[in-house]
Every structure is written in C-alpha cells, then in structure tokens.
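See below for structure.txt, which holds compact mmCIF, C-alpha atoms.
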```txt
# COMPACT_ATOMS: atom_id res chain seq x y z
CA MET A 1 95.00 27.56 26.21
CA LYS A 2 93.92 25.65 23.12
CA GLY A 3 93.72 22.44 25.12
CA ASN A 4 91.53 24.12 27.72
CA THR A 5 89.18 25.43 25.03
CA ILE A 6 88.84 21.98 23.49
CA SER A 7 88.14 20.47 26.91
CA GLN A 8 85.49 23.12 27.61
CA PHE A 9 83.91 22.47 24.22
CA ILE A 10 83.73 18.72 24.82
CA ARG A 11 82.29 19.21 28.31
CA SER A 12 79.71 21.65 26.96
CA CYS A 13 78.72 19.15 24.27
CA ILE A 14 78.22 16.44 26.86
CA PHE A 15 76.15 18.82 28.99
CA PHE A 16 73.92 19.74 26.05
CA ILE A 17 73.34 16.06 25.31
CA VAL A 18 72.69 14.85 28.86
CA VAL A 19 70.53 17.73 30.12
CA PRO A 20 67.94 17.71 27.29
CA ILE A 21 67.56 13.95 27.58
CA PHE A 22 66.98 14.23 31.32
CA THR A 23 64.68 17.21 30.81
CA ILE A 24 62.50 15.31 28.31
CA PHE A 25 62.23 12.37 30.68
CA TRP A 26 61.51 14.46 33.77
CA SER A 27 58.97 16.66 31.99
CA PHE A 28 56.62 13.68 31.86
CA VAL A 29 57.13 13.16 35.59
CA CYS A 30 56.17 16.83 36.07
CA ILE A 31 53.06 16.36 33.93
CA ALA A 32 52.08 13.34 36.02
CA SER A 33 52.40 15.52 39.14
CA TYR A 34 49.78 18.07 38.00
CA PRO A 35 46.98 16.56 40.16
CA LEU A 36 49.17 16.72 43.29
CA PRO A 37 49.22 19.62 45.78
CA LEU A 38 51.56 22.49 44.93
CA ARG A 39 54.09 21.59 47.63
CA MET A 40 54.57 18.15 46.06
CA ARG A 41 54.66 19.47 42.50
CA HIS A 42 57.27 22.00 43.54
CA ARG A 43 59.45 19.26 45.01
CA VAL A 44 59.17 17.25 41.79
CA VAL A 45 60.31 20.21 39.68
CA MET A 46 63.13 21.00 42.13
CA VAL A 47 64.54 17.51 41.52
CA TRP A 48 65.02 18.60 37.92
CA THR A 49 66.53 22.02 38.69
CA ASN A 50 68.88 20.62 41.35
CA SER A 51 69.96 17.86 38.97
CA VAL A 52 70.83 20.36 36.25
CA VAL A 53 72.95 22.36 38.72
CA SER A 54 74.70 19.16 39.83
CA LEU A 55 75.33 18.09 36.22
CA LEU A 56 76.74 21.53 35.50
CA LYS A 57 79.18 21.09 38.37
CA VAL A 58 80.23 17.56 37.43
CA ILE A 59 80.41 17.99 33.66
CA CYS A 60 81.33 21.64 33.14
CA LYS A 61 83.13 22.22 36.46
CA ILE A 62 80.95 25.20 37.38
CA ASP A 63 80.52 25.38 41.15
CA TYR A 64 79.06 28.16 43.27
CA ARG A 65 79.22 29.82 46.66
CA ILE A 66 76.59 31.94 48.33
CA ASP A 67 77.13 34.76 50.80
CA GLY A 68 74.34 36.33 52.83
CA LEU A 69 72.19 33.26 53.48
CA GLU A 70 71.59 34.68 56.95
CA ASN A 71 69.62 37.50 55.28
CA ILE A 72 66.85 35.09 54.27
CA PRO A 73 64.21 35.50 56.99
CA LYS A 74 62.80 32.37 58.56
CA ASP A 75 59.56 33.93 59.78
CA ARG A 76 58.38 35.89 56.73
CA ASN A 77 58.38 35.79 52.97
CA GLY A 78 58.77 38.43 50.29
CA ILE A 79 59.89 39.25 46.78
CA VAL A 80 63.28 38.14 45.50
CA MET A 81 64.69 40.54 42.91
CA SER A 82 67.75 39.11 41.21
CA LYS A 83 70.33 40.10 38.63
CA HIS A 84 69.72 38.19 35.39
CA GLN A 85 72.89 37.21 33.53
CA SER A 86 72.40 33.54 32.82
CA SER A 87 70.10 30.52 32.92
CA TRP A 88 71.98 29.40 36.03
CA GLU A 89 70.02 31.55 38.48
CA THR A 90 66.70 30.27 37.13
CA PHE A 91 67.73 26.81 38.30
CA VAL A 92 69.28 27.75 41.64
CA LEU A 93 67.00 30.41 43.12
CA PRO A 94 63.58 28.66 43.01
CA GLY A 95 64.78 25.89 45.30
CA MET A 96 66.08 28.30 47.92
CA PHE A 97 62.69 29.68 48.94
CA HIS A 98 59.27 28.35 49.92
CA GLN A 99 57.24 27.31 46.85
CA THR A 100 58.76 30.06 44.72
CA ALA A 101 56.54 31.60 42.05
CA ILE A 102 58.51 33.08 39.16
CA ILE A 103 57.16 36.00 37.18
CA LEU A 104 57.75 34.99 33.55
CA LYS A 105 56.38 35.52 30.06
CA LYS A 106 53.58 33.08 29.28
CA GLU A 107 55.18 32.12 25.94
CA LEU A 108 57.60 29.93 27.93
CA PHE A 109 54.74 27.54 28.62
CA TRP A 110 54.81 26.59 24.94
CA VAL A 111 58.46 25.53 25.03
CA PRO A 112 58.36 21.72 24.77
CA PHE A 113 59.29 19.82 27.92
CA PHE A 114 60.81 22.84 29.71
CA GLY A 115 57.53 24.76 29.66
CA TRP A 116 55.56 21.74 30.77
CA GLY A 117 57.68 21.52 33.89
CA MET A 118 57.28 25.24 34.59
CA VAL A 119 53.49 24.88 34.60
CA ALA A 120 53.74 22.51 37.56
CA THR A 121 55.25 25.27 39.74
CA ASP A 122 52.20 27.53 39.26
CA PRO A 123 54.17 30.66 38.29
CA ILE A 124 52.83 34.11 37.39
CA ALA A 125 52.77 33.97 33.59
CA ILE A 126 52.19 37.35 31.96
CA ASN A 127 51.69 38.77 28.49
CA ARG A 128 54.40 41.41 28.15
CA LYS A 129 52.73 42.92 25.08
CA ASP A 130 49.77 44.00 27.20
CA GLY A 131 51.48 46.07 29.89
CA SER A 132 48.41 47.15 31.86
CA SER A 133 46.93 43.66 31.94
CA ALA A 134 50.29 42.16 32.92
CA MET A 135 50.71 44.61 35.80
CA ALA A 136 47.20 43.95 37.05
CA GLN A 137 47.90 40.22 37.01
CA ILE A 138 51.20 40.65 38.86
CA LEU A 139 49.51 42.69 41.58
CA LYS A 140 46.48 40.41 41.97
CA GLN A 141 48.15 37.02 41.69
CA GLY A 142 51.31 38.19 43.43
CA LYS A 143 49.37 39.33 46.49
CA GLU A 144 47.48 36.03 46.63
CA TYR A 145 50.70 34.06 46.49
CA LEU A 146 52.48 36.24 49.03
CA ASP A 147 49.56 36.02 51.44
CA ALA A 148 49.69 32.23 51.03
CA GLY A 149 53.31 32.25 52.25
CA ARG A 150 55.00 31.82 48.89
CA TRP A 151 58.03 33.77 47.69
CA ILE A 152 57.90 35.65 44.40
CA LEU A 153 60.96 35.63 42.13
CA VAL A 154 61.45 38.59 39.80
CA PHE A 155 64.19 39.35 37.30
CA PRO A 156 63.63 43.12 37.05
CA GLU A 157 65.81 43.52 33.96
CA GLY A 158 63.37 41.24 32.12
CA THR A 159 65.99 39.43 30.06
CA ARG A 160 69.52 38.15 30.47
CA ILE A 161 72.09 40.93 30.48
CA ALA A 162 75.74 40.45 29.50
CA PRO A 163 78.34 40.70 32.28
CA GLY A 164 79.45 44.25 32.89
CA GLN A 165 76.21 45.71 31.55
CA VAL A 166 73.08 47.03 33.28
CA GLY A 167 69.63 46.45 31.85
CA LYS A 168 66.59 48.64 32.37
CA TYR A 169 65.04 47.75 35.72
CA ARG A 170 61.27 47.35 35.46
CA ILE A 171 58.87 48.58 38.11
CA GLY A 172 56.64 45.48 38.46
CA GLY A 173 58.31 43.81 41.44
CA ALA A 174 58.77 47.10 43.27
CA ARG A 175 55.15 48.07 42.71
CA LEU A 176 54.02 44.69 44.02
CA ALA A 177 56.13 45.27 47.14
CA ALA A 178 54.76 48.79 47.65
CA GLU A 179 51.14 47.73 47.31
CA THR A 180 51.39 44.63 49.49
CA GLY A 181 53.90 45.73 52.12
CA TYR A 182 56.11 42.70 51.60
CA PRO A 183 59.90 43.27 51.57
CA ILE A 184 62.39 42.91 48.74
CA LEU A 185 65.31 40.49 49.03
CA PRO A 186 67.98 41.62 46.52
CA VAL A 187 70.34 39.12 44.88
CA ALA A 188 73.53 39.69 42.88
CA HIS A 189 75.67 37.07 41.14
CA ASN A 190 78.20 36.70 38.33
CA ALA A 191 76.89 33.52 36.65
CA GLY A 192 77.13 35.15 33.24
CA ARG A 193 80.90 34.88 33.43
CA TYR A 194 80.60 31.09 33.22
CA TRP A 195 77.22 30.31 31.60
CA SER A 196 76.60 33.31 29.39
CA ARG A 197 73.68 34.11 27.14
CA ARG A 198 73.89 32.60 23.64
CA GLN A 199 77.29 31.13 24.40
CA PHE A 200 77.66 27.41 23.78
CA ILE A 201 80.91 26.87 25.67
CA LYS A 202 80.65 27.01 29.44
CA LYS A 203 83.69 28.11 31.39
CA PRO A 204 84.76 26.35 34.60
CA GLY A 205 84.83 28.38 37.77
CA THR A 206 82.85 29.34 40.84
CA VAL A 207 79.75 31.48 40.57
CA HIS A 208 79.61 34.01 43.39
CA MET A 209 76.12 34.87 44.61
CA VAL A 210 75.37 37.43 47.30
CA ILE A 211 72.00 37.77 49.04
CA GLY A 212 71.48 41.23 50.43
CA PRO A 213 69.62 42.50 53.49
CA LEU A 214 65.85 42.95 53.26
CA ILE A 215 64.63 46.19 51.73
CA GLU A 216 61.43 47.14 53.54
CA SER A 217 58.64 48.46 51.33
CA LYS A 218 56.21 49.99 53.82
CA GLY A 219 56.06 53.78 53.52
CA ARG A 220 58.04 53.79 50.28
CA THR A 221 56.98 54.41 46.70
CA PRO A 222 57.65 51.86 43.94
CA ASP A 223 60.30 54.17 42.48
CA GLU A 224 62.09 54.43 45.82
CA ILE A 225 61.99 50.68 46.29
CA LEU A 226 63.27 50.04 42.78
CA LYS A 227 66.13 52.52 43.19
CA LEU A 228 67.22 51.01 46.51
CA THR A 229 67.12 47.54 44.96
CA GLN A 230 68.99 48.50 41.82
CA ASP A 231 71.60 50.47 43.74
CA TRP A 232 72.34 47.52 46.02
CA ILE A 233 72.45 44.95 43.22
CA GLU A 234 74.62 47.00 40.88
CA SER A 235 77.02 48.19 43.59
CA THR A 236 77.46 44.56 44.65
CA MET A 237 77.94 43.49 41.02
CA LYS A 238 80.94 45.82 40.76
CA LYS A 239 82.57 43.83 43.55
CA ILE A 240 81.81 40.31 42.33
CA ASP A 241 81.29 40.46 38.54
CA VAL A 242 84.65 38.92 37.75
CA THR A 243 85.82 35.38 37.07
CA GLU A 244 87.32 33.60 40.03
```

In structure tokens, how does this file's structure come out?
Amino acid sequence: MKGNTISQFIRSCIFFIVVPIFTIFWSFVCIASYPLPLRMRHRVVMVWTNSVVSLLKVICKIDYRIDGLENIPKDRNGIVMSKHQSSWETFVLPGMFHQTAIILKKELFWVPFFGWGMVATDPIAINRKDGSSAMAQILKQGKEYLDAGRWILVFPEGTRIAPGQVGKYRIGGARLAAETGYPILPVAHNAGRYWSRRQFIKKPGTVHMVIGPLIESKGRTPDEILKLTQDWIESTMKKIDVTE
C-alpha cells in the first residue's frame, strides 16, 4: 500500500509539472487563434484539453469509459447538464459536442494561461454576484448559441462536489431549456474518485461516464426540467459512484 501511495505521489508530481508547462505554451497558441473563426479556435483549444486527458492516462493511469454515446443526437443540439466532481469533466465534455459553450464565472478569464485559452472558445461568462444580470445573459446568449447550432455545457451544482455528496442544483440551465425549447442531455460520472477536488494525489482507475437519454423541455416548467435532470443524474450516480 505504501509503495502504491509513493508511486501515485510521484506520478502526480510529474503530471503537475508537465501539464502547466504545456498549458503555458499552448495558451499562446490559443491567443494567436483569436482572429480565426470559432470552429478553428475551438479545435485549437481541444488540442489542449485532449492532450491533458491523454497525459492523465499515460502519467497517472486514469482511463475512462463512456456509456450512452448513442443518446447524443446527430440532428439536433441542446444543453448538456453534468455532474461536477472534478476538473476531469471540464476537459472531456467540451470536445464531445459541436463548438461547446460552457457557462462559467467570468473570473476564470483572469486565471493566467488557462483563462486565456477559455476566451478562445467563446463561452458564456457570467457574474454570479449579480444573479438577475447573470440569468438574463444566460437566456440571451444561450439562445443565440443554441440557435447557431452550438451545444451549451452547464454544471448545475455550480462547483465541484465531493463523491457521495449532492450539491444544490441551480435553475439556470433548466430555465434556458424551458424558454428555448431545446432538450437537456444529462451526464453522470465518478471522476471525483480519481481526480478529486483539492487533492494533489491522483488515483489510478477508470472513470465511468454515462450519458442519459434526452429530456425534452417543451411543455415543461424549469422546475420540472430541473427535477427530471437531477433525479436521473443522482440515481445514476448511486450506480456508478464507486472506484473500479
């Protein structure tokens, strides 16, 4: 056991050395891509996110498997609402959908290198302290992006939640779905068991992600949509939120 812990510590150290160096380098590539069309900027940023996931697999031995890929529609887009346990899902999910726009707090733009890359993806950056203004921005910008064919990525719990716990689900994504008529695509995963919040050492294993069936929003209130989404995610979490 002690030997395994030492090995995990060394691997985590290597990861935290290699990834920041690559991130600093690639952030300047992202900055250089600003004048390019969104589709090209998105591809540039996805090189970075995919590389981090690959480095995580090679260095820290964290792999993943995804069930429910057949639930992603090929002829329509919508709003992805995902469990938020780790940083892992922020790297994996954006590359799975067309020009994904993440709803995030605008303060992240000021994070050196990381924030500069996020700007290139043209996300929906909100001020959480001003709730009414943030909601208005989500509805206005979210509808524009959805109508343009983009997917919206929402972490309804707002912050990373420890494995085995349930955060307060916020209404923003559900309200956007109700007002625009676009469906919700729920996502559950147990990444926090391997790459947990505020935990330096990463544990080897296989992250299990499940993509659920579409939750239609037409004719439903935001509260109904949110409840259906939360019920599916949390019931699925009870099945998969274990180390494997």

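Here atom CA of A:Asp147 and atom CA of A:Gly181 stand 10.7 Å from one another.
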
Which neighbours of A:Pro183 fall inside 9 Å, counting all atoms listed in the file, when residues of the same chain fewer than 6 positions from it are skipped, and could you give them as JSON, numbers by chain? {"A": [77, 78, 79, 80, 177, 214, 215, 216, 217, 218]}

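Relative to atom CA of A:Val52, atom CA of A:Gly95 is found at 12.2 Å.
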
Could you give me, as JSON, numbers by chain, the residues within 6 Å of stretch 117-131 of chain A, counting all atoms listed in the file and dropping anything in the same chain fewer than 6 positions from it? {"A": [27, 30, 34, 41, 42, 101, 102, 103, 104, 105, 106]}

Env of stretch 184-188 of chain A: 9 Å cut, atoms = all atoms listed in the file, seq-sep filter 5 positions within chain, self excluded. Answer as an mmCIF file with C-alpha atoms, in the coordinates of the input.
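Contents of result-v4.cif, as written:
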```
data_model
loop_
_atom_site.group_PDB
_atom_site.id
_atom_site.type_symbol
_atom_site.label_atom_id
_atom_site.label_comp_id
_atom_site.auth_asym_id
_atom_site.auth_seq_id
_atom_site.Cartn_x
_atom_site.Cartn_y
_atom_site.Cartn_z
ATOM 1 C CA ASN A 71 69.620 37.500 55.280
ATOM 2 C CA ILE A 72 66.850 35.090 54.270
ATOM 3 C CA GLY A 78 58.770 38.430 50.290
ATOM 4 C CA ILE A 79 59.890 39.250 46.780
ATOM 5 C CA VAL A 80 63.280 38.140 45.500
ATOM 6 C CA MET A 81 64.690 40.540 42.910
ATOM 7 C CA SER A 82 67.750 39.110 41.210
ATOM 8 C CA LYS A 83 70.330 40.100 38.630
ATOM 9 C CA HIS A 84 69.720 38.190 35.390
ATOM 10 C CA GLY A 173 58.310 43.810 41.440
ATOM 11 C CA ALA A 174 58.770 47.100 43.270
ATOM 12 C CA ALA A 177 56.130 45.270 47.140
ATOM 13 C CA HIS A 208 79.610 34.010 43.390
ATOM 14 C CA MET A 209 76.120 34.870 44.610
ATOM 15 C CA VAL A 210 75.370 37.430 47.300
ATOM 16 C CA ILE A 211 72.000 37.770 49.040
ATOM 17 C CA GLY A 212 71.480 41.230 50.430
ATOM 18 C CA PRO A 213 69.620 42.500 53.490
ATOM 19 C CA LEU A 214 65.850 42.950 53.260
ATOM 20 C CA ILE A 215 64.630 46.190 51.730
ATOM 21 C CA GLU A 216 61.430 47.140 53.540
ATOM 22 C CA SER A 217 58.640 48.460 51.330
ATOM 23 C CA ILE A 225 61.990 50.680 46.290
ATOM 24 C CA THR A 229 67.120 47.540 44.960
ATOM 25 C CA GLN A 230 68.990 48.500 41.820
ATOM 26 C CA TRP A 232 72.340 47.520 46.020
ATOM 27 C CA ILE A 233 72.450 44.950 43.220
ATOM 28 C CA GLU A 234 74.620 47.000 40.880
ATOM 29 C CA THR A 236 77.460 44.560 44.650
ATOM 30 C CA MET A 237 77.940 43.490 41.020
ATOM 31 C CA ILE A 240 81.810 40.310 42.330
ATOM 32 C CA ASP A 241 81.290 40.460 38.540
#
```

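Taking atom CA of A:Phe200 and atom CA of A:Ile6 as the two end points, the separation is 12.4 Å.
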